file run-v6.cif (mmCIF, C-alpha atoms)
data_data
#
loop_
_atom_site.label_atom_id
_atom_site.label_comp_id
_atom_site.auth_asym_id
_atom_site.auth_seq_id
_atom_site.Cartn_x
_atom_site.Cartn_y
_atom_site.Cartn_z
CA MET A 264 -3.35 30.39 -10.21
CA GLU A 265 -2.01 30.16 -6.69
CA GLN A 266 -3.16 26.56 -6.27
CA SER A 267 -3.80 23.69 -8.69
CA LEU A 268 -7.49 23.13 -7.90
CA GLN A 269 -8.38 26.79 -7.50
CA GLY A 270 -11.83 27.41 -8.97
CA ILE A 271 -13.01 23.81 -8.54
CA ARG A 272 -16.19 23.63 -6.47
CA VAL A 273 -16.73 20.49 -4.39
CA LEU A 274 -20.03 19.70 -2.71
CA ASP A 275 -18.96 17.37 0.10
CA LEU A 276 -21.51 14.99 1.63
CA THR A 277 -18.87 12.74 3.18
CA ARG A 278 -18.38 11.97 6.85
CA VAL A 279 -16.06 10.22 9.30
CA LEU A 280 -12.76 9.48 7.47
CA ALA A 281 -12.49 8.02 3.93
CA GLY A 282 -14.50 10.74 2.19
CA PRO A 283 -13.40 13.64 4.43
CA TYR A 284 -9.77 12.67 3.89
CA ALA A 285 -10.31 12.87 0.12
CA THR A 286 -12.01 16.26 0.30
CA MET A 287 -9.30 17.52 2.70
CA VAL A 288 -6.67 16.71 0.07
CA MET A 289 -8.69 18.61 -2.53
CA ALA A 290 -9.14 21.57 -0.16
CA ASP A 291 -5.39 21.63 0.54
CA LEU A 292 -4.79 21.80 -3.23
CA GLY A 293 -7.11 24.78 -3.60
CA ALA A 294 -10.62 23.47 -4.21
CA ASP A 295 -13.59 25.26 -2.64
CA VAL A 296 -14.96 22.42 -0.51
CA VAL A 297 -18.40 22.96 1.00
CA LYS A 298 -19.20 20.34 3.62
CA VAL A 299 -22.93 19.52 3.74
CA GLU A 300 -23.86 18.27 7.23
CA MET A 301 -27.00 17.18 9.02
CA PRO A 302 -28.51 19.84 11.29
CA LYS A 303 -27.71 19.64 15.04
CA THR A 304 -25.27 16.67 14.90
CA GLY A 305 -23.25 17.15 11.72
CA ASP A 306 -20.48 14.74 10.76
CA ASP A 307 -20.24 11.76 13.15
CA ALA A 308 -16.56 12.57 13.63
CA ARG A 309 -17.49 15.73 15.54
CA GLN A 310 -18.30 13.36 18.42
CA PHE A 311 -14.99 11.43 18.25
CA GLY A 312 -12.22 12.16 20.77
CA PRO A 313 -9.80 13.37 21.78
CA PHE A 314 -11.39 16.75 22.45
CA VAL A 315 -9.97 20.23 22.88
CA GLY A 316 -12.68 21.82 24.96
CA GLU A 317 -15.81 20.81 23.09
CA GLU A 318 -14.08 20.44 19.72
CA SER A 319 -12.97 17.07 18.31
CA ALA A 320 -9.28 17.05 17.41
CA TYR A 321 -10.05 14.08 15.17
CA PHE A 322 -12.61 16.09 13.21
CA MET A 323 -10.43 19.21 13.07
CA SER A 324 -7.44 17.31 11.70
CA ILE A 325 -9.24 16.05 8.57
CA ASN A 326 -11.73 18.81 7.85
CA ARG A 327 -9.45 21.80 7.64
CA GLY A 328 -9.83 24.21 4.75
CA LYS A 329 -13.54 23.43 4.24
CA ARG A 330 -16.72 25.42 4.73
CA SER A 331 -19.79 23.98 6.46
CA ILE A 332 -23.48 24.29 5.74
CA VAL A 333 -26.37 22.30 7.21
CA LEU A 334 -29.10 20.70 5.11
CA ASN A 335 -31.63 18.00 5.91
CA LEU A 336 -31.81 16.12 2.62
CA LYS A 337 -35.09 14.50 3.65
CA ASP A 338 -36.68 17.95 3.82
CA GLU A 339 -38.03 19.08 0.45
CA GLU A 340 -36.92 22.70 0.80
CA ASP A 341 -33.38 21.76 1.87
CA LYS A 342 -33.26 19.14 -0.88
CA ASN A 343 -34.03 21.84 -3.46
CA VAL A 344 -31.25 24.00 -2.04
CA PHE A 345 -28.88 21.06 -2.40
CA LEU A 346 -29.94 20.52 -6.03
CA SER A 347 -29.34 24.21 -6.76
CA LEU A 348 -25.85 23.90 -5.28
CA ALA A 349 -25.22 20.68 -7.20
CA GLU A 350 -26.07 22.52 -10.40
CA LYS A 351 -23.12 24.85 -9.70
CA ALA A 352 -20.71 22.18 -8.45
CA ASP A 353 -17.82 20.66 -10.36
CA VAL A 354 -17.70 17.66 -8.02
CA VAL A 355 -20.17 16.01 -5.67
CA MET A 356 -18.59 13.57 -3.21
CA GLU A 357 -20.34 11.14 -0.85
CA ASN A 358 -19.54 8.04 1.16
CA TYR A 359 -22.98 6.75 2.08
CA ARG A 360 -23.94 3.12 1.78
CA PRO A 361 -24.83 2.44 -1.89
CA GLY A 362 -28.50 3.14 -2.57
CA THR A 363 -28.86 5.86 0.07
CA MET A 364 -28.50 8.78 -2.32
CA GLU A 365 -30.79 7.06 -4.83
CA LYS A 366 -33.52 6.75 -2.17
CA LEU A 367 -33.24 10.49 -1.57
CA GLY A 368 -33.55 11.14 -5.30
CA LEU A 369 -30.00 12.52 -5.32
CA GLY A 370 -27.95 9.72 -6.92
CA TYR A 371 -25.75 10.24 -9.96
CA ASP A 372 -28.57 9.57 -12.43
CA HIS A 373 -30.60 12.33 -10.77
CA LEU A 374 -27.78 14.85 -10.40
CA LYS A 375 -26.54 14.52 -13.97
CA GLU A 376 -29.97 15.64 -15.13
CA VAL A 377 -29.42 18.83 -13.15
CA ASN A 378 -25.73 19.15 -14.04
CA PRO A 379 -24.54 16.97 -16.97
CA THR A 380 -20.88 17.93 -16.40
CA VAL A 381 -20.76 17.03 -12.71
CA ILE A 382 -18.18 14.56 -11.41
CA TYR A 383 -19.98 12.34 -8.90
CA ALA A 384 -17.55 10.51 -6.61
CA ALA A 385 -18.81 7.76 -4.30
CA THR A 386 -16.54 6.06 -1.77
CA SER A 387 -18.01 3.02 -0.02
CA GLY A 388 -16.99 -0.20 1.68
CA PHE A 389 -17.55 -2.51 -1.29
CA GLY A 390 -18.49 -0.29 -4.23
CA HIS A 391 -21.78 0.17 -6.06
CA THR A 392 -21.76 -3.23 -7.78
CA GLY A 393 -21.22 -6.84 -6.70
CA PRO A 394 -22.81 -9.09 -4.07
CA TYR A 395 -21.49 -7.04 -1.11
CA ALA A 396 -22.53 -3.64 -2.46
CA LYS A 397 -25.21 -2.97 0.17
CA ARG A 398 -23.11 -4.10 3.12
CA PRO A 399 -21.71 -1.49 5.53
CA ALA A 400 -18.00 -1.40 6.32
CA TYR A 401 -15.41 0.35 8.42
CA ASP A 402 -11.64 0.41 8.08
CA ALA A 403 -10.99 -2.66 10.24
CA VAL A 404 -13.52 -4.68 8.24
CA VAL A 405 -11.80 -4.06 4.90
CA GLN A 406 -8.33 -4.52 6.39
CA ALA A 407 -9.54 -7.96 7.48
CA MET A 408 -11.39 -8.88 4.28
CA GLY A 409 -8.78 -7.39 1.94
CA GLY A 410 -5.96 -9.64 3.19
CA LEU A 411 -3.88 -6.89 4.75
CA MET A 412 -4.28 -8.19 8.31
CA SER A 413 -3.33 -11.71 7.20
CA ILE A 414 0.19 -10.53 6.25
CA THR A 415 0.70 -8.08 9.13
CA GLY A 416 2.07 -8.85 12.57
CA PRO A 417 4.93 -10.76 14.19
CA LYS A 418 6.16 -13.89 12.45
CA GLY A 419 4.03 -16.80 13.53
CA GLY A 420 1.66 -14.44 15.33
CA PRO A 421 -1.98 -13.60 14.72
CA PRO A 422 -3.18 -11.33 11.91
CA THR A 423 -2.86 -7.69 12.99
CA ARG A 424 -4.59 -4.46 12.03
CA VAL A 425 -2.26 -1.80 10.63
CA GLY A 426 -1.78 1.00 13.17
CA THR A 427 -3.41 3.68 11.04
CA SER A 428 -6.78 3.54 9.24
CA ILE A 429 -5.18 2.57 5.96
CA GLY A 430 -8.43 1.17 4.55
CA ASP A 431 -10.02 4.60 4.81
CA ILE A 432 -6.93 6.58 3.84
CA THR A 433 -6.10 4.60 0.70
CA SER A 434 -9.70 4.75 -0.53
CA GLY A 435 -9.68 8.50 0.08
CA LEU A 436 -6.50 8.90 -1.94
CA PHE A 437 -7.76 6.68 -4.77
CA THR A 438 -10.97 8.73 -4.80
CA VAL A 439 -8.95 11.91 -5.32
CA ILE A 440 -7.04 10.23 -8.16
CA GLY A 441 -10.34 9.21 -9.76
CA VAL A 442 -11.80 12.71 -9.42
CA LEU A 443 -8.71 14.34 -10.92
CA ALA A 444 -8.77 11.87 -13.82
CA ALA A 445 -12.47 12.59 -14.37
CA LEU A 446 -11.83 16.35 -14.30
CA GLN A 447 -9.11 15.89 -16.94
CA HIS A 448 -11.54 13.89 -19.09
CA ARG A 449 -14.15 16.62 -18.69
CA HIS A 450 -11.59 19.26 -19.62
CA HIS A 451 -11.18 17.57 -23.02
CA THR A 452 -14.75 16.37 -23.65
CA GLY A 453 -17.11 18.41 -21.49
CA GLU A 454 -18.52 15.18 -20.07
CA GLY A 455 -19.10 14.44 -16.40
CA GLN A 456 -19.04 10.92 -14.98
CA LYS A 457 -19.39 8.77 -11.87
CA VAL A 458 -16.33 7.70 -9.88
CA ASP A 459 -17.05 4.55 -7.82
CA VAL A 460 -14.33 3.65 -5.29
CA SER A 461 -14.53 0.60 -3.01
CA MET A 462 -12.47 0.41 0.17
CA LEU A 463 -12.07 -3.35 -0.40
CA ASP A 464 -10.85 -2.79 -3.96
CA CYS A 465 -8.25 -0.37 -2.64
CA GLN A 466 -6.97 -2.91 -0.11
CA VAL A 467 -6.55 -5.47 -2.88
CA ALA A 468 -4.76 -2.85 -5.00
CA ILE A 469 -2.08 -2.24 -2.34
CA LEU A 470 -1.28 -5.88 -1.61
CA GLU A 471 1.51 -5.60 -4.25
CA ASN A 472 4.11 -8.37 -3.75
CA ALA A 473 1.81 -10.50 -1.59
CA ILE A 474 -0.29 -11.23 -4.66
CA ALA A 475 2.80 -11.81 -6.79
CA ARG A 476 4.27 -14.22 -4.24
CA PHE A 477 1.09 -16.27 -4.02
CA VAL A 478 0.51 -16.38 -7.79
CA VAL A 479 4.08 -17.47 -8.53
CA THR A 480 4.76 -19.82 -5.60
CA GLY A 481 1.29 -21.00 -4.60
CA GLU A 482 2.19 -20.32 -0.97
CA VAL A 483 -0.24 -18.18 1.01
CA PRO A 484 1.69 -15.26 2.59
CA LYS A 485 1.57 -15.06 6.39
CA PRO A 486 2.62 -12.40 8.91
CA GLY A 487 6.37 -11.99 8.66
CA GLY A 488 7.12 -9.39 11.28
CA ASN A 489 9.17 -6.35 10.27
CA ARG A 490 11.32 -7.97 7.59
CA HIS A 491 10.81 -7.61 3.86
CA PRO A 492 9.53 -10.89 2.42
CA SER A 493 11.83 -10.84 -0.61
CA ILE A 494 14.89 -8.72 0.27
CA THR A 495 17.63 -9.47 2.84
CA PRO A 496 18.83 -7.76 4.99
CA PHE A 497 15.80 -5.46 5.15
CA GLU A 498 14.50 -5.20 8.73
CA PRO A 499 15.23 -3.66 12.16
CA PHE A 500 18.43 -4.72 13.90
CA GLU A 501 19.26 -4.43 17.59
CA THR A 502 21.65 -1.73 18.76
CA GLU A 503 23.23 -0.90 22.09
CA ASP A 504 20.31 1.36 22.98
CA GLY A 505 17.42 0.28 20.75
CA GLU A 506 16.87 -0.72 17.15
CA ILE A 507 17.67 0.59 13.69
CA MET A 508 16.00 -0.24 10.40
CA ILE A 509 18.55 -1.24 7.76
CA ALA A 510 17.40 -1.67 4.18
CA ALA A 511 20.13 -3.13 1.96
CA GLY A 512 17.83 -3.29 -1.05
CA ASN A 513 20.30 -4.75 -3.57
CA ASP A 514 23.64 -6.55 -3.82
CA ALA A 515 25.61 -3.30 -4.16
CA LEU A 516 24.12 -1.95 -0.93
CA PHE A 517 24.82 -5.24 0.81
CA ALA A 518 28.48 -4.93 -0.23
CA LYS A 519 28.58 -1.46 1.33
CA LEU A 520 26.97 -2.83 4.48
CA CYS A 521 29.62 -5.53 4.71
CA ARG A 522 32.32 -2.87 4.53
CA VAL A 523 30.66 -0.89 7.34
CA LEU A 524 30.31 -4.04 9.46
CA GLY A 525 33.83 -5.24 8.66
CA THR A 526 32.50 -8.47 7.17
CA GLU A 527 33.80 -8.26 3.58
CA ALA A 528 34.40 -12.03 3.71
CA TRP A 529 30.62 -12.49 3.49
CA LEU A 530 30.77 -11.33 -0.12
CA GLU A 531 32.67 -14.52 -0.94
CA ASP A 532 30.33 -16.71 1.12
CA GLU A 533 27.97 -18.56 -1.23
CA ARG A 534 25.20 -18.33 1.38
CA PHE A 535 25.22 -14.54 1.17
CA ALA A 536 26.56 -13.71 -2.30
CA THR A 537 23.19 -12.71 -3.81
CA ASN A 538 19.89 -11.44 -2.47
CA THR A 539 18.22 -14.75 -3.31
CA GLN A 540 20.84 -16.66 -1.33
CA ARG A 541 20.68 -14.25 1.59
CA THR A 542 16.90 -14.58 1.73
CA GLU A 543 17.16 -18.37 1.65
CA ASN A 544 19.63 -18.15 4.56
CA ILE A 545 17.94 -15.35 6.50
CA GLU A 546 17.89 -17.36 9.73
CA ILE A 547 21.69 -17.42 9.58
CA ILE A 548 22.57 -13.91 8.45
CA VAL A 549 20.21 -11.88 10.66
CA PRO A 550 21.65 -13.15 13.98
CA LEU A 551 25.16 -12.51 12.64
CA ILE A 552 24.30 -8.89 11.84
CA ASN A 553 22.54 -8.43 15.20
CA ASP A 554 25.70 -9.63 16.99
CA LEU A 555 27.55 -6.73 15.37
CA THR A 556 24.94 -3.97 15.54
CA ARG A 557 24.44 -4.50 19.30
CA LYS A 558 27.96 -3.13 19.85
CA LYS A 559 27.12 0.50 18.95
CA LYS A 560 24.34 2.96 19.66
CA THR A 561 21.63 3.71 17.14
CA SER A 562 22.95 7.24 16.49
CA LYS A 563 26.43 5.90 15.71
CA TRP A 564 25.05 3.34 13.27
CA GLN A 565 23.00 6.09 11.61
CA GLU A 566 26.17 8.10 11.13
CA LEU A 567 28.15 5.17 9.68
CA LEU A 568 25.36 3.95 7.43
CA ASP A 569 24.57 7.45 6.17
CA GLU A 570 28.24 7.96 5.26
CA ALA A 571 28.14 4.69 3.29
CA GLY A 572 24.86 5.60 1.52
CA ILE A 573 22.89 2.73 3.02
CA PRO A 574 19.18 3.40 3.69
CA ASN A 575 18.51 3.31 7.42
CA GLY A 576 16.51 4.95 10.15
CA PRO A 577 15.49 4.73 13.79
CA ILE A 578 12.05 3.47 14.79
CA ASN A 579 10.54 6.78 15.85
CA SER A 580 7.61 7.21 18.20
CA ILE A 581 4.99 9.81 17.20
CA ASP A 582 6.51 12.52 19.40
CA GLN A 583 9.89 11.89 17.76
CA VAL A 584 8.32 12.10 14.30
CA LEU A 585 6.84 15.52 15.08
CA SER A 586 10.22 16.82 16.26
CA ASP A 587 12.28 15.22 13.48
CA PRO A 588 14.35 17.90 11.68
CA GLN A 589 13.58 16.51 8.22
CA VAL A 590 9.85 16.41 8.92
CA LYS A 591 9.98 20.00 10.20
CA ALA A 592 12.13 21.19 7.30
CA ARG A 593 9.55 19.83 4.85
CA ASP A 594 6.82 21.82 6.65
CA MET A 595 4.99 18.63 7.64
CA VAL A 596 4.00 19.85 11.10
CA LYS A 597 1.59 22.78 10.98
CA GLU A 598 -0.10 24.75 13.71
CA VAL A 599 -3.64 25.80 12.82
CA GLU A 600 -5.56 28.35 14.86
CA HIS A 601 -9.14 27.29 15.56
CA PRO A 602 -11.49 30.01 16.85
CA THR A 603 -12.58 28.03 19.92
CA ALA A 604 -10.00 25.22 20.28
CA GLY A 605 -6.95 27.43 19.82
CA LEU A 606 -3.72 26.19 18.25
CA LEU A 607 -3.71 22.59 17.06
CA LYS A 608 -0.77 20.78 15.50
CA MET A 609 -1.53 18.60 12.50
CA ALA A 610 0.19 17.07 9.49
CA GLY A 611 1.07 19.44 6.66
CA VAL A 612 0.57 19.04 2.92
CA PRO A 613 2.86 16.25 1.63
CA VAL A 614 2.77 17.14 -2.08
CA LYS A 615 5.37 19.82 -2.79
CA MET A 616 4.82 21.82 -5.98
CA SER A 617 7.10 24.45 -7.51
CA LYS A 618 4.29 26.61 -8.92
CA THR A 619 1.02 25.84 -7.14
CA GLN A 620 1.88 24.68 -3.63
CA GLY A 621 -0.99 23.39 -1.53
CA LYS A 622 -1.69 24.89 1.88
CA ILE A 623 -4.03 24.73 4.84
CA LYS A 624 -6.37 27.61 4.09
CA SER A 625 -8.39 27.64 7.29
CA PRO A 626 -9.27 25.56 10.36
CA ALA A 627 -12.07 23.01 10.34
CA PRO A 628 -15.45 24.75 10.28
CA GLU A 629 -18.02 25.06 13.00
CA LEU A 630 -21.25 23.26 12.15
CA GLY A 631 -23.16 25.41 9.62
CA GLU A 632 -20.65 28.24 9.97
CA HIS A 633 -20.76 29.25 6.30
CA GLN A 634 -24.45 28.78 5.49
CA GLU A 635 -25.23 32.31 4.33
CA GLN A 636 -21.82 32.85 2.76
CA VAL A 637 -22.00 29.74 0.56
CA ILE A 638 -25.60 30.27 -0.51
CA LYS A 639 -24.79 33.84 -1.50
CA GLU A 640 -21.59 32.97 -3.37
CA TRP A 641 -22.81 29.87 -5.19
CA LEU A 642 -26.40 30.84 -5.96
CA SER A 643 -26.34 34.60 -6.49
CA LYS A 644 -25.08 34.37 -10.09
#

call {"tool": "encode", "arguments": {"input": "run-v6.cif", "output": "structure tokens"}}
result
Amino acid sequence: MEQSLQGIRVLDLTRVLAGPYATMVMADLGADVVKVEMPKTGDDARQFGPFVGEESAYFMSINRGKRSIVLNLKDEEDKNVFLSLAEKADVVMENYRPGTMEKLGLGYDHLKEVNPTVIYAATSGFGHTGPYAKRPAYDAVVQAMGGLMSITGPKGGPPTRVGTSIGDITSGLFTVIGVLAALQHRHHTGEGQKVDVSMLDCQVAILENAIARFVVTGEVPKPGGNRHPSITPFEPFETEDGEIMIAAGNDALFAKLCRVLGTEAWLEDERFATNTQRTENIEIIVPLINDLTRKKKTSKWQELLDEAGIPNGPINSIDQVLSDPQVKARDMVKEVEHPTAGLLKMAGVPVKMSKTQGKIKSPAPELGEHQEQVIKEWLSK
């Protein structure tokens, strides 16, 4: 096997971001992902900018490595074609509002009659059970409802949406985890199953220490800016020409930081001796550190902190990220040749594997580009 998911067939009914991100990950890892789109319009994301010519860069960046066919699932003939494909699929993935596939006669209960071993993965705003199940949702809605916005933003400021669509992305990643777990179960038992992933559930799942802090202290977490709520010092500090993130995540690292700053006396100061004490006295220690870090440039502090083994880094803009030598060395910036849009830079495959490395197999497909090819390959045997 060249890739881990080689031989796994995925029938992909997803659109926009959460579902397509999940199927992109599976395509990168070797799965044969066939994207089923509506005739004429296709995935909504094909109409989202920015555009390269007539092609959506948004769509191209998250639909690479897939093949596209067009089917109108309300048309009886096309519906029968879909059922024939579903019979051959290992995985069917969709992110419609719950109940939509059932109305079409294509929900899990219907498909498992056609293919008892199929893994049916559904990603939706609120899941297929509960009082909100039928409600629609987008990323910003679940960031708001899931508590993430309430703990994001400047201290004392308003709740703030995270700068990337983390509600969609996390649900896409959790969907992949669920599918892989279901495939492992099927490998041992021969049984298929339904994987039901809610974007809201995923937001709750990544709240981590915010939940712990509330449960233990009874205090409702609020936006705290760029500092860590429980570790000090763990935030950006001002430099002569900008800012640098310094993360002294334990007492040993703080001792190293003191040696770099020339403030070893702080180790004997009862206000700063332990992380708990430093956090209690954060309003005192942070200005003291800023007074020192302002005296050198960011690059010089990086050099000194790296030598001491203290986690640190500049606050990079997106253009700086794409040119960062570590990012480039890890093959995380890829150029993909699209037949009409030309070369497009996009993020590479983040999971590095010693035997079955993932890769970008092909550019995002044109609408219906692989209709005859897929039908022939999947249904000729």

call {"tool": "residues_around", "arguments": {"input": "run-v6.cif", "residues": "Thr392 in chain A", "least_positions_apart": "4", "cutoff": "12 Å", "atoms": "only C-alpha atoms", "output": "PyMOL selection string"}}
result
chain A and resi 360-362+385+387-388+396-398+459-461+464

call {"tool": "resolve_selection", "arguments": {"input": "run-v6.cif", "expression": "the PyMOL selection byres ((chain A and resi 510) around 9)", "output": "list in words"}}
result
His491, Ile494, Thr495, Pro496, Phe497, Glu498, Pro499, Met508, Ile509, Ala511, Gly512, Asn513, Leu516, Phe517, Ile573, Pro574, Asn575 and Gly576 of chain A

call {"tool": "residues_around", "arguments": {"input": "run-v6.cif", "residues": "Asp431 in chain A", "least_positions_apart": "5", "cutoff": "9 Å", "atoms": "all atoms listed in the file", "output": "MDAnalysis selection string"}}
result
chainID A and resid 280:282 284 401:402 405 436 462

call {"tool": "closest_atom_pairs", "arguments": {"input": "run-v6.cif", "of": "range 526-636 of chain A", "to": "range 323-335 of chain A", "cutoff": "7 Å", "atoms": "all atoms listed in the file", "output": "Markdown table"}}
result
| residue | atom | partner | partner_atom | distance |
| --- | --- | --- | --- | --- |
| A:Met609 | CA | A:Ser324 | CA | 6.1 |
| A:Ile623 | CA | A:Gly328 | CA | 5.8 |
| A:Lys624 | CA | A:Gly328 | CA | 4.9 |
| A:Ser625 | CA | A:Gly328 | CA | 4.5 |
| A:Pro626 | CA | A:Arg327 | CA | 4.6 |
| A:Ala627 | CA | A:Arg327 | CA | 4.0 |
| A:Pro628 | CA | A:Arg330 | CA | 5.7 |
| A:Glu629 | CA | A:Ser331 | CA | 6.9 |
| A:Leu630 | CA | A:Ser331 | CA | 5.9 |
| A:Gly631 | CA | A:Ile332 | CA | 4.1 |
| A:Glu632 | CA | A:Ser331 | CA | 5.6 |
| A:His633 | CA | A:Ser331 | CA | 5.4 |
| A:Gln634 | CA | A:Ile332 | CA | 4.6 |

call {"tool": "resolve_selection", "arguments": {"input": "run-v6.cif", "expression": "the PyMOL selection byres ((chain A and resi 345-354) around 9)", "output": "ChimeraX atom specification"}}
result
/A:271-275,299,334,336,340-344,355-356,369,374-375,377-384,442,446,455,638,641-642

call {"tool": "closest_residue", "arguments": {"input": "run-v6.cif", "among": "A:Ala468, A:Leu292, A:Ile578, A:Ala536", "to": "Met616 in chain A", "atoms": "only C-alpha atoms"}}
result
A:Leu292

call {"tool": "closest_residue", "arguments": {"input": "run-v6.cif", "among": "A:Ile547, A:Val479, A:Met595, A:Val279", "to": "Gly305 in chain A", "atoms": "all atoms listed in the file"}}
result
A:Val279

call {"tool": "closest_residue", "arguments": {"input": "run-v6.cif", "among": "A:Thr363, A:Asn538, A:Thr480, A:Thr427", "to": "Ala518 in chain A", "atoms": "all atoms listed in the file"}}
result
A:Asn538

call {"tool": "closest_residue", "arguments": {"input": "run-v6.cif", "among": "A:Glu365, A:Asn579, A:Asp291, A:Met264", "to": "Ala610 in chain A", "atoms": "only C-alpha atoms"}}
result
A:Asp291

call {"tool": "residues_around", "arguments": {"input": "run-v6.cif", "residues": "Met408 in chain A", "least_positions_apart": "4", "cutoff": "10 Å", "atoms": "all atoms listed in the file", "output": "VMD selection string"}}
result
chain A and resid 403 to 404 412 to 413 463 466 to 467

call {"tool": "atom_distance", "arguments": {"input": "run-v6.cif", "atom1": "CA of Lys298 in chain A", "atom2": "CA of Gly370 in chain A"}}
result
17.3 Å

call {"tool": "closest_residue", "arguments": {"input": "run-v6.cif", "among": "A:Cys521, A:Met364, A:Ile469, A:Leu276", "to": "Leu551 in chain A", "atoms": "only C-alpha atoms"}}
result
A:Cys521

call {"tool": "closest_residue", "arguments": {"input": "run-v6.cif", "among": "A:Arg541, A:Lys457, A:Lys597, A:Lys366", "to": "Asp514 in chain A", "atoms": "all atoms listed in the file"}}
result
A:Arg541

call {"tool": "atom_distance", "arguments": {"input": "run-v6.cif", "atom1": "CA of Ala473 in chain A", "atom2": "CA of Phe535 in chain A"}}
result
23.9 Å

call {"tool": "atom_distance", "arguments": {"input": "run-v6.cif", "atom1": "CA of Asn358 in chain A", "atom2": "CA of Gly316 in chain A"}}
result
28.3 Å

call {"tool": "resolve_selection", "arguments": {"input": "run-v6.cif", "expression": "the PyMOL selection byres ((chain A and resi 416) around 6)", "output": "ChimeraX atom specification"}}
result
/A:415,417,422-423,486,488

call {"tool": "residues_around", "arguments": {"input": "run-v6.cif", "residues": "Ile429 in chain A", "least_positions_apart": "4", "cutoff": "8 Å", "atoms": "only C-alpha atoms", "output": "short mmCIF file (atom, residue, chain, number, x, y, z; two decimals) with C-alpha atoms, in the frame of the given file"}}
result
data_model
loop_
_atom_site.label_atom_id
_atom_site.label_comp_id
_atom_site.auth_asym_id
_atom_site.auth_seq_id
_atom_site.Cartn_x
_atom_site.Cartn_y
_atom_site.Cartn_z
CA ASP A 402 -11.64 0.41 8.08
CA GLN A 406 -8.33 -4.52 6.39
CA VAL A 425 -2.26 -1.80 10.63
CA THR A 433 -6.10 4.60 0.70
#

call {"tool": "axis_aligned_box", "arguments": {"input": "run-v6.cif", "around": "range 559-576 of chain A", "padding_each_side": "8 Å", "output": "lines of an AutoDock Vina configuration file"}}
result
center_x = 22.4
center_y = 4.3
center_z = 10.6
size_x = 27.7
size_y = 23.6
size_z = 34.1

call {"tool": "residues_around", "arguments": {"input": "run-v6.cif", "residues": "Thr502 in chain A", "least_positions_apart": "6", "cutoff": "10 Å", "atoms": "only C-alpha atoms", "output": "list of chain:residue names"}}
result
A:Asn553, A:Asp554, A:Leu555, A:Thr556, A:Arg557, A:Lys558, A:Lys559, A:Lys560, A:Thr561, A:Ser562, A:Lys563, A:Trp564

call {"tool": "build_atoms", "arguments": {"input": "run-v6.cif", "residues": "range 454-465 of chain A", "atoms": "N, CA and C atoms", "output": "PDB file, keeping the file's coordinate frame"}}
result
ATOM      1  N   GLU A 454     -17.660  16.193 -20.661  1.00  0.00           N
ATOM      2  CA  GLU A 454     -18.520  15.180 -20.070  1.00  0.00           C
ATOM      3  C   GLU A 454     -18.210  14.957 -18.588  1.00  0.00           C
ATOM      4  N   GLY A 455     -19.259  14.871 -17.777  1.00  0.00           N
ATOM      5  CA  GLY A 455     -19.100  14.440 -16.400  1.00  0.00           C
ATOM      6  C   GLY A 455     -19.146  12.923 -16.326  1.00  0.00           C
ATOM      7  N   GLN A 456     -18.926  12.371 -15.151  1.00  0.00           N
ATOM      8  CA  GLN A 456     -19.040  10.920 -14.980  1.00  0.00           C
ATOM      9  C   GLN A 456     -19.069  10.567 -13.504  1.00  0.00           C
ATOM     10  N   LYS A 457     -19.365   9.291 -13.236  1.00  0.00           N
ATOM     11  CA  LYS A 457     -19.390   8.770 -11.870  1.00  0.00           C
ATOM     12  C   LYS A 457     -18.068   8.079 -11.557  1.00  0.00           C
ATOM     13  N   VAL A 458     -17.534   8.354 -10.384  1.00  0.00           N
ATOM     14  CA  VAL A 458     -16.330   7.700  -9.880  1.00  0.00           C
ATOM     15  C   VAL A 458     -16.749   6.830  -8.701  1.00  0.00           C
ATOM     16  N   ASP A 459     -16.589   5.528  -8.821  1.00  0.00           N
ATOM     17  CA  ASP A 459     -17.050   4.550  -7.820  1.00  0.00           C
ATOM     18  C   ASP A 459     -15.827   3.877  -7.214  1.00  0.00           C
ATOM     19  N   VAL A 460     -15.522   4.190  -5.953  1.00  0.00           N
ATOM     20  CA  VAL A 460     -14.330   3.650  -5.290  1.00  0.00           C
ATOM     21  C   VAL A 460     -14.735   2.790  -4.100  1.00  0.00           C
ATOM     22  N   SER A 461     -14.246   1.555  -4.086  1.00  0.00           N
ATOM     23  CA  SER A 461     -14.530   0.600  -3.010  1.00  0.00           C
ATOM     24  C   SER A 461     -13.320   0.493  -2.090  1.00  0.00           C
ATOM     25  N   MET A 462     -13.552   0.571  -0.794  1.00  0.00           N
ATOM     26  CA  MET A 462     -12.470   0.410   0.170  1.00  0.00           C
ATOM     27  C   MET A 462     -11.819  -0.966   0.020  1.00  0.00           C
ATOM     28  N   LEU A 463     -12.626  -2.002  -0.220  1.00  0.00           N
ATOM     29  CA  LEU A 463     -12.070  -3.350  -0.400  1.00  0.00           C
ATOM     30  C   LEU A 463     -11.199  -3.418  -1.638  1.00  0.00           C
ATOM     31  N   ASP A 464     -11.658  -2.820  -2.743  1.00  0.00           N
ATOM     32  CA  ASP A 464     -10.850  -2.790  -3.960  1.00  0.00           C
ATOM     33  C   ASP A 464      -9.486  -2.165  -3.687  1.00  0.00           C
ATOM     34  N   CYS A 465      -9.498  -1.082  -2.905  1.00  0.00           N
ATOM     35  CA  CYS A 465      -8.250  -0.370  -2.640  1.00  0.00           C
ATOM     36  C   CYS A 465      -7.288  -1.209  -1.806  1.00  0.00           C
TER      37      CYS A 465
END
